[in-house]
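Novice: For reference, this is final03.txt, and it has compact mmCIF, N, CA and C atoms.
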```txt
# COMPACT_ATOMS: atom_id res chain seq x y z
N MET A 1 96.22 84.34 116.37
CA MET A 1 96.67 84.66 117.70
C MET A 1 95.85 85.84 118.22
N THR A 2 95.40 85.75 119.44
CA THR A 2 94.55 86.80 120.00
C THR A 2 95.39 87.98 120.50
N HIS A 3 94.72 89.09 120.73
CA HIS A 3 95.40 90.28 121.25
C HIS A 3 96.04 89.97 122.60
N ASP A 4 95.34 89.27 123.45
CA ASP A 4 95.89 88.92 124.77
C ASP A 4 97.14 88.05 124.65
N GLU A 5 97.13 87.11 123.72
CA GLU A 5 98.31 86.27 123.50
C GLU A 5 99.48 87.11 123.02
N LEU A 6 99.21 88.05 122.12
CA LEU A 6 100.28 88.91 121.62
C LEU A 6 100.87 89.77 122.73
N MET A 7 100.02 90.24 123.64
CA MET A 7 100.48 91.10 124.73
C MET A 7 101.33 90.36 125.75
N THR A 8 101.17 89.06 125.86
CA THR A 8 101.91 88.29 126.87
C THR A 8 103.14 87.59 126.30
N LEU A 9 103.51 87.89 125.07
CA LEU A 9 104.70 87.27 124.48
C LEU A 9 105.96 87.74 125.20
N PRO A 10 106.98 86.87 125.27
CA PRO A 10 108.25 87.31 125.85
C PRO A 10 108.95 88.30 124.91
N VAL A 11 110.05 88.87 125.36
CA VAL A 11 110.76 89.90 124.59
C VAL A 11 111.21 89.38 123.23
N ALA A 12 111.68 88.16 123.16
CA ALA A 12 112.07 87.53 121.90
C ALA A 12 111.31 86.22 121.78
N VAL A 13 110.69 86.01 120.62
CA VAL A 13 109.89 84.79 120.42
C VAL A 13 110.51 83.93 119.34
N PRO A 14 110.33 82.62 119.44
CA PRO A 14 110.81 81.73 118.38
C PRO A 14 110.10 82.03 117.06
N LEU A 15 110.74 81.70 115.98
CA LEU A 15 110.17 81.96 114.66
C LEU A 15 108.83 81.27 114.50
N GLU A 16 108.66 80.09 115.08
CA GLU A 16 107.37 79.37 114.99
C GLU A 16 106.22 80.22 115.54
N THR A 17 106.46 80.90 116.66
CA THR A 17 105.44 81.74 117.26
C THR A 17 105.15 82.95 116.39
N ALA A 18 106.20 83.56 115.86
CA ALA A 18 106.03 84.71 114.96
C ALA A 18 105.28 84.28 113.70
N ASN A 19 105.60 83.10 113.18
CA ASN A 19 104.89 82.59 112.00
C ASN A 19 103.40 82.49 112.29
N ARG A 20 103.06 81.99 113.47
CA ARG A 20 101.65 81.85 113.84
C ARG A 20 100.97 83.21 113.91
N ALA A 21 101.64 84.19 114.49
CA ALA A 21 101.07 85.54 114.60
C ALA A 21 100.89 86.19 113.23
N LEU A 22 101.79 85.87 112.30
CA LEU A 22 101.76 86.47 110.96
C LEU A 22 101.00 85.61 109.94
N HIS A 23 100.43 84.52 110.42
CA HIS A 23 99.68 83.59 109.55
C HIS A 23 100.56 83.05 108.42
N LEU A 24 101.78 82.65 108.78
CA LEU A 24 102.70 82.04 107.83
C LEU A 24 102.88 80.58 108.19
N GLY A 25 103.00 79.75 107.19
CA GLY A 25 103.28 78.34 107.43
C GLY A 25 104.73 78.17 107.85
N ARG A 26 105.05 77.02 108.41
CA ARG A 26 106.40 76.76 108.89
C ARG A 26 107.43 76.85 107.78
N THR A 27 107.20 76.17 106.68
CA THR A 27 108.15 76.15 105.57
C THR A 27 108.33 77.55 104.99
N THR A 28 107.24 78.24 104.76
CA THR A 28 107.31 79.59 104.20
C THR A 28 108.05 80.53 105.15
N GLY A 29 107.73 80.47 106.43
CA GLY A 29 108.39 81.33 107.40
C GLY A 29 109.89 81.12 107.44
N TYR A 30 110.32 79.87 107.50
CA TYR A 30 111.75 79.59 107.55
C TYR A 30 112.43 79.97 106.24
N HIS A 31 111.77 79.77 105.13
CA HIS A 31 112.35 80.16 103.84
C HIS A 31 112.54 81.68 103.78
N LEU A 32 111.53 82.43 104.22
CA LEU A 32 111.64 83.89 104.22
C LEU A 32 112.76 84.35 105.16
N ALA A 33 112.89 83.71 106.31
CA ALA A 33 113.94 84.07 107.27
C ALA A 33 115.33 83.78 106.68
N ARG A 34 115.49 82.62 106.06
CA ARG A 34 116.79 82.25 105.47
C ARG A 34 117.19 83.17 104.34
N THR A 35 116.21 83.64 103.57
CA THR A 35 116.52 84.47 102.40
C THR A 35 116.48 85.96 102.71
N GLY A 36 116.26 86.32 103.98
CA GLY A 36 116.26 87.72 104.37
C GLY A 36 115.00 88.49 103.97
N ARG A 37 113.90 87.78 103.70
CA ARG A 37 112.68 88.44 103.26
C ARG A 37 111.53 88.31 104.25
N TYR A 38 111.84 87.97 105.50
CA TYR A 38 110.80 87.85 106.52
C TYR A 38 110.20 89.24 106.77
N PRO A 39 108.92 89.33 107.05
CA PRO A 39 108.27 90.65 107.19
C PRO A 39 108.83 91.53 108.32
N VAL A 40 109.47 90.93 109.32
CA VAL A 40 110.09 91.69 110.40
C VAL A 40 111.53 91.24 110.57
N ARG A 41 112.30 92.01 111.32
CA ARG A 41 113.71 91.68 111.53
C ARG A 41 113.83 90.35 112.27
N VAL A 42 114.71 89.49 111.78
CA VAL A 42 114.93 88.18 112.39
C VAL A 42 116.29 88.18 113.07
N LEU A 43 116.31 87.71 114.31
CA LEU A 43 117.55 87.61 115.08
C LEU A 43 118.03 86.18 115.05
N ARG A 44 119.30 85.99 114.85
CA ARG A 44 119.86 84.65 114.81
C ARG A 44 120.53 84.37 116.14
N HIS A 45 120.12 83.32 116.82
CA HIS A 45 120.70 82.94 118.10
C HIS A 45 121.20 81.50 117.95
N GLY A 46 122.47 81.37 117.60
CA GLY A 46 123.00 80.04 117.28
C GLY A 46 122.33 79.54 116.02
N ARG A 47 121.70 78.40 116.09
CA ARG A 47 120.98 77.86 114.94
C ARG A 47 119.51 78.26 114.94
N ALA A 48 119.07 78.90 116.01
CA ALA A 48 117.66 79.26 116.15
C ALA A 48 117.39 80.66 115.63
N TYR A 49 116.20 80.84 115.09
CA TYR A 49 115.74 82.16 114.65
C TYR A 49 114.79 82.69 115.71
N LYS A 50 114.92 83.98 116.02
CA LYS A 50 114.04 84.64 116.98
C LYS A 50 113.56 85.95 116.37
N VAL A 51 112.42 86.43 116.86
CA VAL A 51 111.85 87.69 116.42
C VAL A 51 111.55 88.51 117.66
N SER A 52 111.88 89.78 117.62
CA SER A 52 111.60 90.64 118.77
C SER A 52 110.11 90.93 118.86
N ARG A 53 109.61 90.91 120.09
CA ARG A 53 108.19 91.21 120.33
C ARG A 53 107.87 92.62 119.84
N TYR A 54 108.76 93.56 120.05
CA TYR A 54 108.56 94.95 119.61
C TYR A 54 108.33 95.01 118.10
N ASP A 55 109.22 94.37 117.33
CA ASP A 55 109.10 94.39 115.87
C ASP A 55 107.81 93.71 115.41
N LEU A 56 107.46 92.62 116.07
CA LEU A 56 106.24 91.89 115.71
C LEU A 56 105.01 92.76 115.99
N HIS A 57 104.95 93.37 117.17
CA HIS A 57 103.82 94.24 117.51
C HIS A 57 103.74 95.42 116.55
N ARG A 58 104.87 96.01 116.22
CA ARG A 58 104.89 97.16 115.32
C ARG A 58 104.36 96.78 113.93
N HIS A 59 104.81 95.64 113.42
CA HIS A 59 104.36 95.19 112.10
C HIS A 59 102.86 94.91 112.09
N LEU A 60 102.36 94.34 113.17
CA LEU A 60 100.94 94.00 113.25
C LEU A 60 100.06 95.18 113.66
N GLY A 61 100.69 96.29 114.05
CA GLY A 61 99.92 97.46 114.48
C GLY A 61 99.25 97.27 115.82
N VAL A 62 99.87 96.47 116.68
CA VAL A 62 99.32 96.18 118.00
C VAL A 62 99.97 97.11 119.00
N ALA A 63 99.17 97.73 119.83
CA ALA A 63 99.70 98.60 120.87
C ALA A 63 99.17 98.13 122.21
N ALA A 64 99.99 98.30 123.22
CA ALA A 64 99.55 97.96 124.58
C ALA A 64 98.43 98.92 124.95
N GLU A 65 97.46 98.39 125.66
CA GLU A 65 96.34 99.23 126.08
C GLU A 65 96.83 100.18 127.15
N VAL A 66 96.65 101.46 126.90
CA VAL A 66 97.07 102.49 127.85
C VAL A 66 95.82 102.97 128.59
N PRO A 67 95.87 103.01 129.92
CA PRO A 67 94.67 103.45 130.64
C PRO A 67 94.36 104.91 130.34
N SER A 68 93.10 105.21 130.25
CA SER A 68 92.68 106.58 130.00
C SER A 68 92.84 107.39 131.28
N ASP A 69 92.72 108.72 131.20
CA ASP A 69 92.85 109.60 132.36
C ASP A 69 91.83 109.24 133.44
N ARG A 70 90.68 108.78 133.03
CA ARG A 70 89.61 108.45 133.98
C ARG A 70 89.97 107.23 134.83
N GLU A 71 90.78 106.33 134.30
CA GLU A 71 91.13 105.11 135.03
C GLU A 71 92.29 105.31 135.98
N LEU A 72 93.00 106.43 135.87
CA LEU A 72 94.17 106.65 136.74
C LEU A 72 93.81 107.07 138.11
```
The structure in this file should be written as structure tokens.
Specialist:
Amino acid sequence: MTHDELMTLPVAVPLETANRALHLGRTTGYHLARTGRYPVRVLRHGRAYKVSRYDLHRHLGVAAEVPSDREL
């Protein structure tokens, strides 16, 4: 997943999207989520698993580009 794709993610993303960002396969990702060993906090919404964009960005070390003083 590219930096631009990561920056445009919604506030909560489906586990499939988080798996792609973390380079995890579908089966492995769901197994880790079910057993509580997913690399980031997993939110349960009914039967669906979601991951917060904030937690995903923090784990990956991705920060939003902040304009420098010269660009303001």
Novice: Pick out the closest residue to A:Ser52 from this set: A:His31, A:Gly36, A:Leu9, A:His23. Count only C-alpha atoms.
Specialist: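 Using only C-alpha atoms, A:Ser52 sits closest to A:Leu9.
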Novice: Counting only C-alpha atoms, which residues of stretch 31-56 of chain A fall within 8 Å of stretch 10-16 of chain A, and what is the closest atom pair for each with its distance in Å at one decimal, ordered by chain and rising number, as a tab-separated table?
Specialist:
```
residue	atom	partner	partner_atom	distance
A:Ala48	CA	A:Pro14	CA	7.6
A:Tyr49	CA	A:Leu15	CA	5.6
A:Lys50	CA	A:Pro14	CA	4.6
A:Val51	CA	A:Val13	CA	5.3
A:Ser52	CA	A:Ala12	CA	4.4
A:Arg53	CA	A:Val11	CA	5.1
A:Tyr54	CA	A:Val11	CA	7.4
```
Novice: Just N, CA and C atoms for this one: save the residues we selected as a PDB file, keeping the file's coordinate frame.
Specialist:
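As written to disk, result-v3.pdb reads:
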```
ATOM      1  N   ALA A  48     119.070  78.900 116.010  1.00  0.00           N
ATOM      2  CA  ALA A  48     117.660  79.260 116.150  1.00  0.00           C
ATOM      3  C   ALA A  48     117.390  80.660 115.630  1.00  0.00           C
ATOM      4  N   TYR A  49     116.200  80.840 115.090  1.00  0.00           N
ATOM      5  CA  TYR A  49     115.740  82.160 114.650  1.00  0.00           C
ATOM      6  C   TYR A  49     114.790  82.690 115.710  1.00  0.00           C
ATOM      7  N   LYS A  50     114.920  83.980 116.020  1.00  0.00           N
ATOM      8  CA  LYS A  50     114.040  84.640 116.980  1.00  0.00           C
ATOM      9  C   LYS A  50     113.560  85.950 116.370  1.00  0.00           C
ATOM     10  N   VAL A  51     112.420  86.430 116.860  1.00  0.00           N
ATOM     11  CA  VAL A  51     111.850  87.690 116.420  1.00  0.00           C
ATOM     12  C   VAL A  51     111.550  88.510 117.660  1.00  0.00           C
ATOM     13  N   SER A  52     111.880  89.780 117.620  1.00  0.00           N
ATOM     14  CA  SER A  52     111.600  90.640 118.770  1.00  0.00           C
ATOM     15  C   SER A  52     110.110  90.930 118.860  1.00  0.00           C
ATOM     16  N   ARG A  53     109.610  90.910 120.090  1.00  0.00           N
ATOM     17  CA  ARG A  53     108.190  91.210 120.330  1.00  0.00           C
ATOM     18  C   ARG A  53     107.870  92.620 119.840  1.00  0.00           C
ATOM     19  N   TYR A  54     108.760  93.560 120.050  1.00  0.00           N
ATOM     20  CA  TYR A  54     108.560  94.950 119.610  1.00  0.00           C
ATOM     21  C   TYR A  54     108.330  95.010 118.100  1.00  0.00           C
TER      22      TYR A  54
END
```
Novice: Atom C of A:Arg37 to atom N of A:Val62: how many Å, to one decimal?
Specialist: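 If I compute the distance from atom C of A:Arg37 to atom N of A:Val62, I get 18.9 Å.
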Novice: Among chain A, which ones does DSSP assign to strand (DSSP E or B) (computed from the backbone)? Answer as a CSV table (one decimal) with N, CA and C atoms, in the frame of the given file.
Specialist:
```
chain,number,residue,atom,x,y,z
A,12,ALA,N,111.7,88.2,123.2
A,12,ALA,CA,112.1,87.5,121.9
A,12,ALA,C,111.3,86.2,121.8
A,13,VAL,N,110.7,86.0,120.6
A,13,VAL,CA,109.9,84.8,120.4
A,13,VAL,C,110.5,83.9,119.3
A,14,PRO,N,110.3,82.6,119.4
A,14,PRO,CA,110.8,81.7,118.4
A,14,PRO,C,110.1,82.0,117.1
A,42,VAL,N,114.7,89.5,111.8
A,42,VAL,CA,114.9,88.2,112.4
A,42,VAL,C,116.3,88.2,113.1
A,43,LEU,N,116.3,87.7,114.3
A,43,LEU,CA,117.6,87.6,115.1
A,43,LEU,C,118.0,86.2,115.0
A,44,ARG,N,119.3,86.0,114.8
A,44,ARG,CA,119.9,84.6,114.8
A,44,ARG,C,120.5,84.4,116.1
A,45,HIS,N,120.1,83.3,116.8
A,45,HIS,CA,120.7,82.9,118.1
A,45,HIS,C,121.2,81.5,118.0
A,48,ALA,N,119.1,78.9,116.0
A,48,ALA,CA,117.7,79.3,116.2
A,48,ALA,C,117.4,80.7,115.6
A,49,TYR,N,116.2,80.8,115.1
A,49,TYR,CA,115.7,82.2,114.6
A,49,TYR,C,114.8,82.7,115.7
A,50,LYS,N,114.9,84.0,116.0
A,50,LYS,CA,114.0,84.6,117.0
A,50,LYS,C,113.6,86.0,116.4
A,51,VAL,N,112.4,86.4,116.9
A,51,VAL,CA,111.8,87.7,116.4
A,51,VAL,C,111.6,88.5,117.7
A,52,SER,N,111.9,89.8,117.6
A,52,SER,CA,111.6,90.6,118.8
A,52,SER,C,110.1,90.9,118.9
```
Novice: With a distance cut-off of 8 Å and all atoms listed in the file, select the neighbouring residues of A:Pro39, excluding the residue or stretch itself and same-chain residues fewer than 6 positions from it, and output the selection as a PDB file with N, CA and C atoms, keeping the file's coordinate frame.
Specialist:
```pdb
ATOM      1  N   LEU A  32     111.530  82.430 104.220  1.00  0.00           N
ATOM      2  CA  LEU A  32     111.640  83.890 104.220  1.00  0.00           C
ATOM      3  C   LEU A  32     112.760  84.350 105.160  1.00  0.00           C
ATOM      4  N   ALA A  33     112.890  83.710 106.310  1.00  0.00           N
ATOM      5  CA  ALA A  33     113.940  84.070 107.270  1.00  0.00           C
ATOM      6  C   ALA A  33     115.330  83.780 106.680  1.00  0.00           C
ATOM      7  N   ASP A  55     109.220  94.370 117.330  1.00  0.00           N
ATOM      8  CA  ASP A  55     109.100  94.390 115.870  1.00  0.00           C
ATOM      9  C   ASP A  55     107.810  93.710 115.410  1.00  0.00           C
ATOM     10  N   LEU A  56     107.460  92.620 116.070  1.00  0.00           N
ATOM     11  CA  LEU A  56     106.240  91.890 115.710  1.00  0.00           C
ATOM     12  C   LEU A  56     105.010  92.760 115.990  1.00  0.00           C
ATOM     13  N   HIS A  59     104.810  95.640 113.420  1.00  0.00           N
ATOM     14  CA  HIS A  59     104.360  95.190 112.100  1.00  0.00           C
ATOM     15  C   HIS A  59     102.860  94.910 112.090  1.00  0.00           C
TER      16      HIS A  59
END
```
Novice: Rounded to one decimal in Å, what is the spacing between atom CA of A:Gly29 and atom CA of A:Thr17?
Specialist: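 These two atoms are separated by 10.3 Å.
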Novice: Work out how far atom CA of A:Met1 is from atom CA of A:His45, in Å to one decimal.
Specialist: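 A separation of 24.1 Å between them.
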